[in-house]
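Undergrad: I am sharing entry_29.cif, which consists of mmCIF, C-alpha atoms:
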data_entry
loop_
_atom_site.label_atom_id
_atom_site.label_comp_id
_atom_site.auth_asym_id
_atom_site.auth_seq_id
_atom_site.Cartn_x
_atom_site.Cartn_y
_atom_site.Cartn_z
CA MET A 78 202.00 58.50 35.24
CA ASN A 79 201.09 60.98 32.54
CA ILE A 80 200.23 64.61 31.92
CA HIS A 81 196.94 65.52 30.29
CA GLN A 82 196.25 69.09 29.22
CA HIS A 83 193.17 70.76 27.86
CA THR A 84 192.31 74.40 27.18
CA PHE A 85 188.74 75.59 26.83
CA SER A 86 186.89 78.87 27.05
CA ILE A 87 183.89 80.12 28.99
CA ALA A 88 181.74 83.02 27.86
CA THR A 89 180.76 85.00 30.97
CA ARG A 90 177.76 87.32 31.12
CA GLY A 91 179.66 89.96 33.08
CA ARG A 92 180.57 90.19 36.75
CA GLY A 93 179.51 87.13 38.69
CA ILE A 94 180.45 83.76 40.11
CA TYR A 95 180.03 80.92 37.58
CA PRO A 96 180.01 77.23 38.53
CA VAL A 97 182.51 75.14 36.57
CA SER A 98 182.81 71.96 38.68
CA ARG A 99 180.63 69.78 36.46
CA GLN A 100 182.41 70.70 33.22
CA ILE A 101 185.81 70.08 34.80
CA GLN A 102 184.68 66.90 36.53
CA ASN A 103 183.51 65.54 33.15
CA TRP A 104 186.86 66.20 31.51
CA VAL A 105 188.71 64.59 34.43
CA ARG A 106 186.55 61.47 34.19
CA GLU A 107 187.29 61.13 30.48
CA GLN A 108 191.04 61.04 31.17
CA LYS A 109 190.63 57.77 33.15
CA VAL A 110 193.14 58.88 35.76
CA GLN A 111 192.40 57.16 39.07
CA GLN A 112 194.76 59.12 41.30
CA GLY A 113 196.32 62.48 40.59
CA LEU A 114 196.35 66.24 40.88
CA LEU A 115 194.49 68.71 38.69
CA ASN A 116 195.57 72.29 38.09
CA LEU A 117 193.18 74.94 36.80
CA PHE A 118 194.80 78.06 35.42
CA VAL A 119 193.01 81.09 34.02
CA GLN A 120 195.00 83.06 31.43
CA HIS A 121 193.71 86.52 32.42
CA THR A 122 194.22 89.24 35.02
CA SER A 123 190.63 90.28 35.72
CA CYS A 124 188.95 86.98 36.59
CA SER A 125 189.93 84.19 38.98
CA PHE A 126 188.87 80.97 40.68
CA ILE A 127 187.31 80.44 44.05
CA ILE A 128 186.10 77.35 45.82
CA GLN A 129 182.92 78.21 47.66
CA GLU A 130 179.82 76.61 49.17
CA ASN A 131 177.62 75.10 46.47
CA ALA A 132 174.31 74.87 48.35
CA ASP A 133 172.86 78.28 49.25
CA PRO A 134 173.02 80.89 46.45
CA ASP A 135 173.12 83.60 49.13
CA VAL A 136 176.73 82.59 49.83
CA LEU A 137 177.77 83.70 46.34
CA ARG A 138 175.72 86.90 46.67
CA ASP A 139 177.30 87.74 50.04
CA MET A 140 180.75 86.95 48.65
CA GLU A 141 180.22 89.44 45.81
CA MET A 142 178.72 92.04 48.18
CA PHE A 143 181.85 91.77 50.32
CA MET A 144 184.22 92.06 47.35
CA GLN A 145 182.40 95.18 46.07
CA ARG A 146 182.81 96.79 49.46
CA LEU A 147 186.43 95.68 49.88
CA VAL A 148 187.56 96.78 46.41
CA PRO A 149 185.27 99.61 45.30
CA ASP A 150 184.89 100.21 41.59
CA GLY A 151 185.90 103.69 40.54
CA ASP A 152 188.11 104.23 43.60
CA PRO A 153 189.28 107.87 43.25
CA GLN A 154 192.85 106.77 44.08
CA PHE A 155 193.10 104.45 41.06
CA ARG A 156 195.26 105.71 38.20
CA HIS A 157 194.68 102.74 35.88
CA ILE A 158 191.22 103.84 34.72
CA ASP A 159 191.29 103.76 30.90
CA GLU A 160 189.11 100.68 30.62
CA GLY A 161 186.48 101.86 33.09
CA PRO A 162 185.77 101.94 36.84
CA ASP A 163 185.76 98.11 37.12
CA ASP A 164 189.17 97.57 35.48
CA MET A 165 191.60 98.14 38.36
CA SER A 166 189.19 96.73 40.93
CA ALA A 167 189.04 93.55 38.80
CA HIS A 168 192.86 93.27 38.87
CA ILE A 169 192.89 93.60 42.67
CA ARG A 170 190.02 91.11 43.19
CA MET A 171 191.94 88.66 41.03
CA ALA A 172 195.11 89.10 43.09
CA LEU A 173 193.19 88.43 46.33
CA THR A 174 191.65 85.20 45.00
CA GLN A 175 193.13 82.39 42.83
CA VAL A 176 194.44 82.58 39.28
CA SER A 177 195.65 78.98 39.71
CA LEU A 178 193.99 76.23 41.75
CA GLN A 179 194.87 72.62 42.55
CA VAL A 180 192.37 69.88 43.31
CA PRO A 181 193.31 66.26 44.07
CA VAL A 182 191.83 63.43 41.99
CA GLN A 183 190.80 60.21 43.76
CA HIS A 184 188.98 57.21 42.25
CA GLY A 185 188.88 58.99 38.92
CA ARG A 186 187.06 62.06 40.25
CA LEU A 187 187.85 65.44 41.78
CA ALA A 188 188.15 64.91 45.54
CA LEU A 189 185.94 67.88 46.41
CA GLY A 190 184.17 68.01 49.76
CA THR A 191 180.38 67.66 49.77
CA TRP A 192 179.77 71.41 49.95
CA GLN A 193 182.63 72.54 47.71
CA GLY A 194 182.04 73.94 44.26
CA ILE A 195 184.66 75.37 41.90
CA TYR A 196 183.72 78.76 40.46
CA LEU A 197 185.09 81.07 37.83
CA TYR A 198 184.82 84.56 39.28
CA GLU A 199 184.32 87.16 36.55
CA HIS A 200 185.34 90.56 37.92
CA ARG A 201 184.67 92.71 34.83
CA LEU A 202 181.18 94.15 34.38
CA GLN A 203 180.85 93.29 30.70
CA PRO A 204 180.65 89.77 29.21
CA MET A 205 184.08 88.29 28.47
CA ASN A 206 185.51 85.15 26.88
CA ARG A 207 187.82 83.42 29.38
CA HIS A 208 190.47 80.80 28.62
CA ILE A 209 191.05 78.08 31.19
CA CYS A 210 193.94 75.64 30.99
CA LEU A 211 193.57 72.29 32.76
CA THR A 212 196.63 70.17 33.61
CA LEU A 213 196.10 66.73 35.11
CA ILE A 214 199.03 64.75 36.45
CA GLY A 215 198.33 61.13 37.31
CA MET B 2 207.91 58.99 39.74
CA ASN B 3 204.81 58.12 41.71
CA ILE B 4 201.74 59.61 43.34
CA HIS B 5 201.14 59.11 47.04
CA GLN B 6 197.83 60.15 48.61
CA HIS B 7 196.67 60.25 52.18
CA THR B 8 193.55 61.70 53.81
CA PHE B 9 193.40 62.43 57.52
CA SER B 10 191.30 64.56 59.80
CA ILE B 11 192.03 67.20 62.41
CA ALA B 12 189.68 68.04 65.27
CA THR B 13 189.80 71.80 65.80
CA ARG B 14 188.79 73.48 69.04
CA GLY B 15 187.00 76.31 67.22
CA ARG B 16 188.32 79.42 65.51
CA GLY B 17 192.08 79.57 65.48
CA ILE B 18 195.29 78.89 63.62
CA TYR B 19 196.57 75.33 64.14
CA PRO B 20 200.11 74.19 63.28
CA VAL B 21 200.20 71.15 60.97
CA SER B 22 203.76 71.23 59.60
CA ARG B 23 205.13 68.46 61.84
CA GLN B 24 202.31 66.00 61.10
CA ILE B 25 202.62 66.60 57.36
CA GLN B 26 206.42 66.53 57.46
CA ASN B 27 206.26 63.10 59.14
CA TRP B 28 203.98 61.67 56.47
CA VAL B 29 206.19 63.08 53.71
CA ARG B 30 209.29 61.49 55.25
CA GLU B 31 207.60 58.09 55.41
CA GLN B 32 206.94 58.20 51.64
CA LYS B 33 210.71 58.18 50.94
CA VAL B 34 210.34 60.68 48.11
CA GLN B 35 213.57 62.65 47.71
CA GLN B 36 212.34 65.27 45.27
CA GLY B 37 208.76 66.26 44.57
CA LEU B 38 205.78 68.48 45.15
CA LEU B 39 203.19 68.14 47.90
CA ASN B 40 199.62 69.40 47.65
CA LEU B 41 197.48 69.98 50.73
CA PHE B 42 193.75 70.27 50.08
CA VAL B 43 191.07 70.88 52.67
CA GLN B 44 187.63 69.51 51.76
CA HIS B 45 185.60 72.30 53.38
CA THR B 46 184.42 75.86 52.74
CA SER B 47 184.91 77.42 56.18
CA CYS B 48 188.54 76.62 56.98
CA SER B 49 191.72 77.04 54.95
CA PHE B 50 195.52 76.92 54.97
CA ILE B 51 198.01 79.67 55.53
CA ILE B 52 201.77 79.68 55.68
CA GLN B 53 202.84 82.05 58.43
CA GLU B 54 205.76 82.86 60.72
CA ASN B 55 206.33 80.03 63.22
CA ALA B 56 208.36 81.90 65.86
CA ASP B 57 206.37 84.63 67.65
CA PRO B 58 202.80 83.60 68.65
CA ASP B 59 201.80 87.27 68.39
CA VAL B 60 201.97 86.90 64.59
CA LEU B 61 199.08 84.43 64.66
CA ARG B 62 197.16 86.63 67.10
CA ASP B 63 197.63 89.72 64.93
CA MET B 64 196.65 87.74 61.82
CA GLU B 65 193.37 86.71 63.49
CA MET B 66 192.77 90.25 64.80
CA PHE B 67 193.15 91.54 61.24
CA MET B 68 190.80 88.93 59.77
CA GLN B 69 188.12 89.68 62.37
CA ARG B 70 188.27 93.34 61.46
CA LEU B 71 188.38 92.69 57.71
CA VAL B 72 185.49 90.21 57.66
CA PRO B 73 183.25 91.02 60.65
CA ASP B 74 181.08 88.23 62.02
CA GLY B 75 177.40 89.07 61.93
CA ASP B 76 177.80 91.66 59.18
CA PRO B 77 174.28 93.15 58.80
CA GLN B 78 174.58 92.86 54.99
CA PHE B 79 175.00 89.07 55.08
CA ARG B 80 171.96 87.07 53.95
CA HIS B 81 173.49 83.62 54.53
CA ILE B 82 172.99 83.63 58.32
CA ASP B 83 171.19 80.36 59.16
CA GLU B 84 174.24 78.75 60.76
CA GLY B 85 175.17 81.77 62.86
CA PRO B 86 177.11 85.05 62.64
CA ASP B 87 180.43 83.27 61.88
CA ASP B 88 179.15 81.22 58.94
CA MET B 89 179.36 83.66 56.03
CA SER B 90 182.45 85.36 57.45
CA ALA B 91 184.10 81.93 57.52
CA HIS B 92 183.29 81.39 53.82
CA ILE B 93 184.85 84.76 52.93
CA ARG B 94 187.96 84.24 55.09
CA MET B 95 188.43 80.90 53.35
CA ALA B 96 188.17 82.49 49.89
CA LEU B 97 190.82 85.10 50.82
CA THR B 98 193.30 82.46 52.02
CA GLN B 99 194.18 78.98 50.64
CA VAL B 100 191.96 75.93 50.30
CA SER B 101 194.81 74.27 48.39
CA LEU B 102 198.53 74.73 48.97
CA GLN B 103 201.69 73.41 47.29
CA VAL B 104 205.03 72.91 48.99
CA PRO B 105 208.13 71.53 47.25
CA VAL B 106 209.91 68.48 48.66
CA GLN B 107 213.73 68.40 48.62
CA HIS B 108 216.02 65.76 50.19
CA GLY B 109 212.96 63.89 51.43
CA ARG B 110 211.54 66.85 53.40
CA LEU B 111 209.25 69.83 52.87
CA ALA B 112 211.42 72.67 51.57
CA LEU B 113 209.99 75.23 53.99
CA GLY B 114 211.97 78.32 54.89
CA THR B 115 213.34 78.60 58.44
CA TRP B 116 210.46 80.78 59.64
CA GLN B 117 207.66 79.16 57.67
CA GLY B 118 205.00 77.06 59.35
CA ILE B 119 201.95 75.51 57.68
CA TYR B 120 198.71 76.18 59.53
CA LEU B 121 195.14 75.01 59.29
CA TYR B 122 193.00 78.09 59.81
CA GLU B 123 189.66 77.21 61.43
CA HIS B 124 187.22 80.03 60.72
CA ARG B 125 184.13 78.64 62.52
CA LEU B 126 183.71 79.44 66.21
CA GLN B 127 182.75 75.92 67.28
CA PRO B 128 185.02 72.83 67.18
CA MET B 129 184.94 71.03 63.82
CA ASN B 130 186.38 67.87 62.31
CA ARG B 131 188.36 68.79 59.17
CA HIS B 132 189.43 66.47 56.36
CA ILE B 133 192.76 67.15 54.69
CA CYS B 134 193.89 65.36 51.54
CA LEU B 135 197.64 65.14 50.85
CA THR B 136 198.94 64.39 47.36
CA LEU B 137 202.67 63.90 46.89
CA ILE B 138 204.12 63.64 43.39
CA GLY B 139 207.75 62.55 43.20
CA MET C 79 208.01 62.35 33.10
CA ASN C 80 210.54 63.92 35.42
CA ILE C 81 210.95 66.44 38.20
CA HIS C 82 213.32 69.36 37.79
CA GLN C 83 214.13 71.62 40.74
CA HIS C 84 216.09 74.83 40.99
CA THR C 85 216.54 77.32 43.81
CA PHE C 86 217.74 80.85 43.20
CA SER C 87 217.65 84.14 45.02
CA ILE C 88 216.51 87.65 44.16
CA ALA C 89 217.83 90.76 45.86
CA THR C 90 214.93 93.17 46.28
CA ARG C 91 215.36 96.92 46.77
CA GLY C 92 212.65 97.06 49.42
CA ARG C 93 208.86 97.11 49.15
CA GLY C 94 207.67 96.72 45.60
CA ILE C 95 206.44 94.41 42.86
CA TYR C 96 209.30 92.83 40.87
CA PRO C 97 208.84 91.09 37.52
CA VAL C 98 210.25 87.54 37.45
CA SER C 99 208.53 86.01 34.39
CA ARG C 100 211.51 86.28 32.05
CA GLN C 101 213.99 84.69 34.46
CA ILE C 102 211.61 81.82 35.20
CA GLN C 103 210.65 81.41 31.54
CA ASN C 104 214.35 81.06 30.67
CA TRP C 105 214.90 78.32 33.23
CA VAL C 106 211.80 76.46 32.04
CA ARG C 107 212.99 76.57 28.44
CA GLU C 108 216.36 75.12 29.40
CA GLN C 109 214.65 72.08 30.98
CA LYS C 110 213.27 71.04 27.56
CA VAL C 111 209.94 70.01 29.04
CA GLN C 112 207.19 70.31 26.44
CA GLN C 113 204.19 69.78 28.66
CA GLY C 114 204.04 70.13 32.42
CA LEU C 115 203.31 72.14 35.52
CA LEU C 116 205.63 74.58 37.24
CA ASN C 117 205.48 75.46 40.93
CA LEU C 118 207.07 78.61 42.33
CA PHE C 119 207.57 78.65 46.08
CA VAL C 120 209.05 81.48 48.13
CA GLN C 121 210.71 80.39 51.37
CA HIS C 122 209.75 83.46 53.42
CA THR C 123 206.79 84.93 55.33
CA SER C 124 207.02 88.59 54.31
CA CYS C 125 207.04 88.40 50.51
CA SER C 126 204.82 86.55 48.05
CA PHE C 127 203.88 86.06 44.41
CA ILE C 128 201.15 87.67 42.39
CA ILE C 129 200.17 87.38 38.78
CA GLN C 130 199.21 90.81 37.53
CA GLU C 131 198.81 92.83 34.31
CA ASN C 132 202.18 93.37 32.64
CA ALA C 133 201.34 96.34 30.42
CA ASP C 134 200.49 99.51 32.37
CA PRO C 135 202.82 100.24 35.34
CA ASP C 136 199.91 102.07 37.01
CA VAL C 137 198.36 98.66 37.71
CA LEU C 138 201.26 97.75 40.00
CA ARG C 139 201.15 101.18 41.64
CA ASP C 140 197.40 100.92 42.28
CA MET C 141 197.83 97.39 43.61
CA GLU C 142 200.41 98.63 46.13
CA MET C 143 198.26 101.67 47.04
CA PHE C 144 195.38 99.30 47.77
CA MET C 145 197.52 96.96 49.90
CA GLN C 146 198.88 99.86 51.95
CA ARG C 147 195.36 101.00 52.69
CA LEU C 148 194.07 97.49 53.40
CA VAL C 149 196.93 96.48 55.70
CA PRO C 150 198.30 99.68 57.26
CA ASP C 151 201.90 99.64 58.49
CA GLY C 152 202.19 100.43 62.18
CA ASP C 153 198.60 99.44 62.93
CA PRO C 154 198.17 100.30 66.65
CA GLN C 155 196.50 96.91 67.23
CA PHE C 156 199.58 94.94 66.14
CA ARG C 157 201.56 93.30 68.94
CA HIS C 158 204.28 91.80 66.73
CA ILE C 159 206.22 95.04 66.28
CA ASP C 160 209.85 94.25 67.19
CA GLU C 161 211.08 94.40 63.61
CA GLY C 162 209.33 97.64 62.75
CA PRO C 163 205.96 98.95 61.54
CA ASP C 164 206.14 97.00 58.24
CA ASP C 165 206.79 93.58 59.80
CA MET C 166 203.31 92.39 60.75
CA SER C 167 201.71 94.13 57.79
CA ALA C 168 204.14 92.18 55.57
CA HIS C 169 203.04 88.88 57.14
CA ILE C 170 199.37 89.70 56.48
CA ARG C 171 199.97 90.89 52.89
CA MET C 172 201.79 87.61 52.28
CA ALA C 173 198.88 85.57 53.66
CA LEU C 174 196.41 87.41 51.38
CA THR C 175 198.49 86.74 48.23
CA GLN C 176 200.47 83.65 47.11
CA VAL C 177 203.46 82.02 48.76
CA SER C 178 203.13 79.21 46.21
CA LEU C 179 201.97 79.51 42.60
CA GLN C 180 201.40 77.02 39.77
CA VAL C 181 201.69 77.79 36.08
CA PRO C 182 201.12 75.25 33.31
CA VAL C 183 203.83 74.61 30.71
CA GLN C 184 202.82 74.09 27.08
CA HIS C 185 205.11 73.75 24.05
CA GLY C 186 208.13 74.18 26.32
CA ARG C 187 207.01 77.55 27.72
CA LEU C 188 204.92 78.94 30.56
CA ALA C 189 201.32 79.10 29.32
CA LEU C 190 200.75 82.64 30.55
CA GLY C 191 198.06 84.78 29.00
CA THR C 192 199.14 87.77 26.89
CA TRP C 193 198.71 90.27 29.73
CA GLN C 194 199.89 88.08 32.59
CA GLY C 195 203.19 88.70 34.34
CA ILE C 196 204.54 86.84 37.36
CA TYR C 197 205.78 89.15 40.12
CA LEU C 198 207.64 88.74 43.38
CA TYR C 199 205.92 91.05 45.82
CA GLU C 200 208.35 92.34 48.46
CA HIS C 201 206.38 93.53 51.47
CA ARG C 202 209.25 94.67 53.72
CA LEU C 203 210.49 98.26 53.37
CA GLN C 204 214.19 97.41 53.39
CA PRO C 205 216.07 95.46 50.69
CA MET C 206 215.98 91.69 51.25
CA ASN C 207 217.48 88.57 49.68
CA ARG C 208 214.65 86.18 48.73
CA HIS C 209 214.94 82.47 47.96
CA ILE C 210 212.65 81.02 45.33
CA CYS C 211 212.32 77.30 44.70
CA LEU C 212 211.10 76.16 41.26
CA THR C 213 209.69 72.66 40.75
CA LEU C 214 208.82 71.57 37.23
CA ILE C 215 206.95 68.32 36.65
CA GLY C 216 206.75 67.15 33.04
#
Since I need it in another form, could you write the structure as structure tokens?
TA:
Amino acid sequence: MNIHQHTFSIATRGRGIYPVSRQIQNWVREQKVQQGLLNLFVQHTSCSFIIQENADPDVLRDMEMFMQRLVPDGDPQFRHIDEGPDDMSAHIRMALTQVSLQVPVQHGRLALGTWQGIYLYEHRLQPMNRHICLTLIG
Amino acid sequence: MNIHQHTFSIATRGRGIYPVSRQIQNWVREQKVQQGLLNLFVQHTSCSFIIQENADPDVLRDMEMFMQRLVPDGDPQFRHIDEGPDDMSAHIRMALTQVSLQVPVQHGRLALGTWQGIYLYEHRLQPMNRHICLTLIG
Amino acid sequence: MNIHQHTFSIATRGRGIYPVSRQIQNWVREQKVQQGLLNLFVQHTSCSFIIQENADPDVLRDMEMFMQRLVPDGDPQFRHIDEGPDDMSAHIRMALTQVSLQVPVQHGRLALGTWQGIYLYEHRLQPMNRHICLTLIG
């Protein structure tokens, strides 16, 4: 059993839900680990991971609609406002989703269900460069 | 140190919070791993895991009451509605709870606190068959 | 590759967001593990972990303001009320954040981003003694 680690970055185009399954699946396959556990960790406090349905794009749109309503940008009760109306809301969205995510590896691949996709959820409005650290044990 | 994996399924009777600690505890014990880390992963996008108090059933009822209020079924702003009013709400409930959960193993058992139970949270109204993948490293 | 485990407790002073990065970082360094994955697990159902911005204290204040509004203490629809108005709200806050958290270890240290801090989030109003179990694989 070994540990494999890899850090890479993703340039987002601002707030949105970005698919990352394929890129991560490719790296996992290259490690030639048949059975194991993968951790994804994002080294930021205003983006996060979600697993969500990968078929109908309306799911991602409805997810974002809900998050905008749940955590309104520019909430008048926010005091942390120096970086704009989406700064504190991004921190809260992150805390309600996943900064760290584990996915089992079976037969050399991520053991995702048929409808599961892994997404990087960018909560800031402007484009950002996001660092993701992968750790594979197996 | 080794990796042990096991996939099993649970037939839910529709929306609700189902205890799974005992079943998982039994499998962990059979692996004869004294010290380790267990991952639970559910291969779906409309159910999830929560750890919650295992003593008073009102806790689970209040949890579900809260989730129904937070993520209303049949929200008029949802566009992903083909599978019914509980489809998109189930995807959001899942994203706000845990699709993947880690629990340490000590002395051959899950190191849960006295009041902690592990639950599979079915978010769809109808009965479903849910696949859970266990990965034990230790 | 080995597994290192350590359980310790933190005395909270009631509801609030308590930094624990330094204490955990110190333990990780002592294990002399260059590359690995750390799990933090809290053995309770009314406190949790969050990763949050470590620079401006207003972020933690706004986070708590948001949680109080999202999950009101003394909600008249709660039935689990024997331990006070903050009991059920604490269970829900816990379920919406992290009872278990993974952080990669690189070069013998937690691979946190510059602005990331790890916090124990106490959701009960009164001071509590909280048990945290660390599991380091590497």
Undergrad: Enumerate, as a list in words, the residues matched when the PyMOL selection byres ((chain A) within 7 of (chain B)) is run on the file above.
TA: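 Selection result, ordered by chain and number: Gly113, Ile127, Ile128, Gln129, Glu130, Asp135, Val136, Asp139, Met140, Leu173, Thr174, Leu178, Gln179, Val180, Pro181, Leu189, Gly190, Trp192 and Gln193 of chain A.
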Undergrad: Emit the selected residues as a PDB file, in the frame of the given file, including C-alpha atoms.
TA:
ATOM      1  CA  GLY A 113     196.320  62.480  40.590  1.00  0.00           C
ATOM      2  CA  ILE A 127     187.310  80.440  44.050  1.00  0.00           C
ATOM      3  CA  ILE A 128     186.100  77.350  45.820  1.00  0.00           C
ATOM      4  CA  GLN A 129     182.920  78.210  47.660  1.00  0.00           C
ATOM      5  CA  GLU A 130     179.820  76.610  49.170  1.00  0.00           C
ATOM      6  CA  ASP A 135     173.120  83.600  49.130  1.00  0.00           C
ATOM      7  CA  VAL A 136     176.730  82.590  49.830  1.00  0.00           C
ATOM      8  CA  ASP A 139     177.300  87.740  50.040  1.00  0.00           C
ATOM      9  CA  MET A 140     180.750  86.950  48.650  1.00  0.00           C
ATOM     10  CA  LEU A 173     193.190  88.430  46.330  1.00  0.00           C
ATOM     11  CA  THR A 174     191.650  85.200  45.000  1.00  0.00           C
ATOM     12  CA  LEU A 178     193.990  76.230  41.750  1.00  0.00           C
ATOM     13  CA  GLN A 179     194.870  72.620  42.550  1.00  0.00           C
ATOM     14  CA  VAL A 180     192.370  69.880  43.310  1.00  0.00           C
ATOM     15  CA  PRO A 181     193.310  66.260  44.070  1.00  0.00           C
ATOM     16  CA  LEU A 189     185.940  67.880  46.410  1.00  0.00           C
ATOM     17  CA  GLY A 190     184.170  68.010  49.760  1.00  0.00           C
ATOM     18  CA  TRP A 192     179.770  71.410  49.950  1.00  0.00           C
ATOM     19  CA  GLN A 193     182.630  72.540  47.710  1.00  0.00           C
TER      20      GLN A 193
END
Undergrad: Using the chain letters and numbering of this document, enumerate as a list in words the residues selected by the PyMOL selection byres ((chain A and resi 97-112) around 7).
TA: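 Evaluating the PyMOL selection byres ((chain A and resi 97-112) around 7) on these coordinates yields Tyr95, Pro96, Gly113, Val182, Gln183, His184, Gly185, Arg186, Leu187, Gly194, Ile195, Tyr196, Leu197 and Gly215 of chain A.
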Undergrad: Would you be able to write out as a VMD selection string which residues have an atom within 10 Å of (189.9, 68.8, 68.8) in the file's coordinates, counting all atoms listed in the file?
TA: chain B and resid 11 to 15 128 to 131
Undergrad: Could you tell me how far atom CA of C:Arg139 sits from atom CA of A:Arg138, in Å to one decimal place?
TA: 29.6 Å
Undergrad: Would you compute the distance between atom CA of B:Leu61 and atom CA of B:Thr8? Give it in Å to one decimal.
TA: 25.8 Å
Undergrad: Mind pulling up the distance from atom CA of B:Asn55 to atom CA of A:Arg170?
TA: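 So the answer is 28.1 Å.
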